[in-house]
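> The structure's right below; bear with me while I get my questions together.
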Amino acid sequence: MAHFTEPTYGDREPLVPVSSTSSATGVSDVDDSVDGSDGRAQVESRDDKRATKKKMRRRAKDGGISEINGHGTSLKRRDSISKAARDPRDEPPKKKKKKVKTADTETRSPSPVIDFDGLSRPSRGTRERLEETSEQAAQRLEKMQAAVRTILECVGEDPDREGVLDTPARYAKAMLFFTKGYQQNVKDIVNNAIFHENHNEMVIVKDIEIFSLCEHHLVPFFGKMHIGYIPKNNVIGISKLPRIAEMFSRRLQVQERLTREVANAIMEVLKPQGVAVVMESSHLCMVMRGVEKTTTSTITSCVLGCFEKKEKTRNEFLSLVGLNRGYR
């Protein structure tokens with residue numbers, strides 16, 4: 001190929017032909033690269049400004065705590081820094097929302113109101129026996145003796161035989177003793193033995209011996225009763241709990257009602273936070289007759305107030321009276 005030489009102009013260097021395959025960058029390429037680098041710089045500058053604004057907002061919000069903890073991207077404060085190190089037991093208890101009771105809400109064993117003289121479920125015969133004179137009491141005893149003599153005759157016995165000659169009188173007096181609870185009332189038994197004490201822990205009297213008559217067959221049932229209550233600043237004389245149980249047991253009874261009546265009476269006269277009564281007994285009406293099972297025992301319970309509402313309180317009472325280990 002022919003080669004051409006450019007003329008020289010003074011001190012200027014001659015132009016050298018450049019091939020199309022040269023690696024040198026063209027003017028347009030240089031302009032593009034300059035424009036691209038400027039765009040990236042502007043984007044980075046905007047990102048830096050945004051990050052700076054975020055940091056400023058975060059500092060204003062938490063005082064720079066998150067950066068101190070090494071969590072620059074988290075807006076949540078750490079509990080270990082934001083709260084003082086305290087024993088959880090020192091924290092004040094959280095207030096629980098009180099549940100509003102509806103009109104139909106009723107406890108499982110509502111406490112009935114005991115009448116003014118504490119007789120509980122009084123009948124016409126109960127009132128007459130309580131208010132009778134000595135002459136009326138003698139007439140009552142004679143009627144009972146005559147009834148027992150009739151029973152002896154009806155079972156085939158000779159009421160004039162020496163061994164049973166005085167049985168009608170003895171039985172009549174014994175029956176009046178077995179049922180002396182009809183002539184007693186809660187008010188006289190308690191006798192104002194209620195004392196103001198700042199005691200709000202559980203009180204238990206256990207292993208109270210109980211003897212009563214089954215109202216269905218007039219034969220005895222007997223066992224032990226455990227009584228517990230949690231005072232509301234007032235406590236009752238300890239001996240009054242067995243006396244109340246004795247009063248209700250000295251009537252014609254069924255075990256279920258006897259357990260409930262003792263609990264209701266204590267709840268009524270003392271008004272504690274709660275009452276719990278458990279009774280275990282053996283019934284001769286199913287030992288001497290009927291199914292004739294000599295090893296059976298019957299357990300009944302009545303829980304009122306906090307014993308009914310709180311399972312832990314109820315379980316503590318049952319554990320202390322030994323129900324979970326069996327009676328001795």
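Following the order of the structure tokens, chains are lettered A, B, ..., residues in each are numbered from 1, and ligands are numbered from 1.
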Might you pull out every residue within 12 Å of A:Phe222, with only C-alpha atoms counted and same-chain residues fewer than 5 positions away left off, and present them as a PyMOL selection string?

chain A and resi 207-214+246+249-250+253-255+258+279-285+287+297-299

> Might you pull out every residue within 12 Å of A:Lys173, with only C-alpha atoms counted and same-chain residues fewer than 6 positions away left off, and present them as an MDAnalysis selection string?

chainID A and resid 137:138 140:145 148 166:167 179:180

> Among stretch 148-239 of chain A, which residues carry a DSSP assignment of strand (DSSP E), reported as a count of residues only?

29

> Between A:Ile204, A:Val321, A:Ala245, A:Ala169, single out the one closest to A:Val275, counting only C-alpha atoms.

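For A:Val275, the nearest of the candidates is A:Ile204.
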
> Restricting the calculation to only C-alpha atoms: of A:Pro220, A:Arg251, A:Pro242, A:Leu130, which residue gets closest to A:Phe177?

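Looking at the shortest contact to A:Phe177, the residue is A:Arg251.
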
> Could you tell me how far atom CA of A:Leu252 lies from atom CA of A:Met225, in Å and to one decimal?

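Rounded to one decimal, the two atoms are 17.1 Å apart.
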
> Which of these, A:Val164, A:Leu152, A:Val291, A:Met286, has the shortest distance to A:Val219 once you count only C-alpha atoms?

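Checking each candidate against A:Val219, we get A:Met286 as the closest.
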
> From the list A:Glu215, A:Ala146, A:Val303, A:Glu292, which residue is nearest A:Ile266 when using only C-alpha atoms?

A:Val303

> Suppose you want the space between atom CA of A:Leu270 and atom CA of A:Gly237; what is it in Å?

10.6 Å
